[in-house]
Each structure stands twice: as structure tokens, then as C-alpha cells.
Amino acid sequence: MTKRRVLLLIFSAPIIFWMLSVVIVLGAGEIANCEIHEGYVNSCSLSGYDFGELLYSLGLFAAWGLLLIPLLWGYMFVGWGAYEIAAYAYRRLKK
């Protein structure tokens with residue numbers, strides 16, 4: 001992988017994690033018929049294991065993470081923009 005792809009992955013990791021948490025919470029709620037909400041932890045058994053605490057935490061991040069989306073996109077664009085400016089300046093000075 002090139003540096004650009006690695007940096008793009010690093011800068012977009014929080015947004016990817018937010019999307020994955022939404023998919024996991026919705027999928028686990030549908031598959032195991034669990035009730036997941038922000039009020040308190042409900043037990044949710046999948047394959048004999050209780051994932052209630054994990055799904056509660058992911059559910060909080062999925063629900064309230066929407067408020068962080070502008071901040072996360074800003075982080076991604078500013079970081080990526082700074083990298084592109086530095087790379088352009090380096091290429092320009094190298095000539």
C-alpha cells in the first residue's frame with residue numbers, strides 16, 4: 001500500500017468505526033432480537049455469550065456519534081489537506 005492510501009485509511013478510520021458500530025448494533029438487534037437503547041444495559045445473548053455491555057457502548061457511540069460527524073469530517077479533510085500541501089511543496093522543492 002502506498003503512503004497516500006495508508007494516510008487516507010488513518011484519517012477516515014473514525015468515520016469507518018462509526019459506520020461499523022451502527023451496522024453491528026442494528027445487525028445484532030435484528031439477529032438476536034435484542035433491545036438496545038441508551039437508557040441502560042440489556043442482556044443480549046449471541047452464541048451463549050452476553051454482549052449486552054458491548055452493544056450498549058456501541059449503541060451509544062452509534063447514536064451520539066452523529067453529533068461528531070462534522071468534527072470527524074473536519075479532522076479528515078484538514079489532515080488530508082495538510083498532507084497534500086506538504087507533499088506538493090516537497091515535490092515542488094525537489095525539482
# chains A, B, ... in the order shown; residues from 1 in each chain; ligands from 1
$ residues_around --residues "Phe17 of chain A" --least-positions-apart "2" --cutoff "12 Å" --atoms "only C-alpha atoms" --output "ChimeraX atom specification"
/A:9-15,19-24,58,61-62,65-66,69,72
$ closest_residue --among "A:Leu46, A:Leu55, A:Met76, A:Ala87" --to "Lys3 of chain A" --atoms "only C-alpha atoms"
A:Ala87
$ select_by_dssp --residues "chain A" --states "strand (DSSP E or B)" --output "list in words"
Ser45, Leu46, Tyr49 and Asp50 of chain A
$ residues_around --residues "Ser43 of chain A" --least-positions-apart "5" --cutoff "9 Å" --atoms "only C-alpha atoms" --output "list of chain:residue names"
A:Cys34, A:Glu35, A:Asp50, A:Phe51, A:Gly52, A:Glu53
$ select_by_dssp --residues "chain A" --states "alpha helix (DSSP H)" --output "VMD selection string"
chain A and resid 3 to 31 52 to 64 69 to 94
$ closest_residue --among "A:Val25, A:Ala32, A:Ala63, A:Trp18" --to "Gly48 of chain A" --atoms "only C-alpha atoms"
A:Ala32
$ atom_distance --atom1 "atom CA of Gly81 of chain A" --atom2 "atom CA of Leu93 of chain A"
18.2 Å
$ atom_distance --atom1 "atom CA of Gly79 of chain A" --atom2 "atom CA of Lys94 of chain A"
22.3 Å
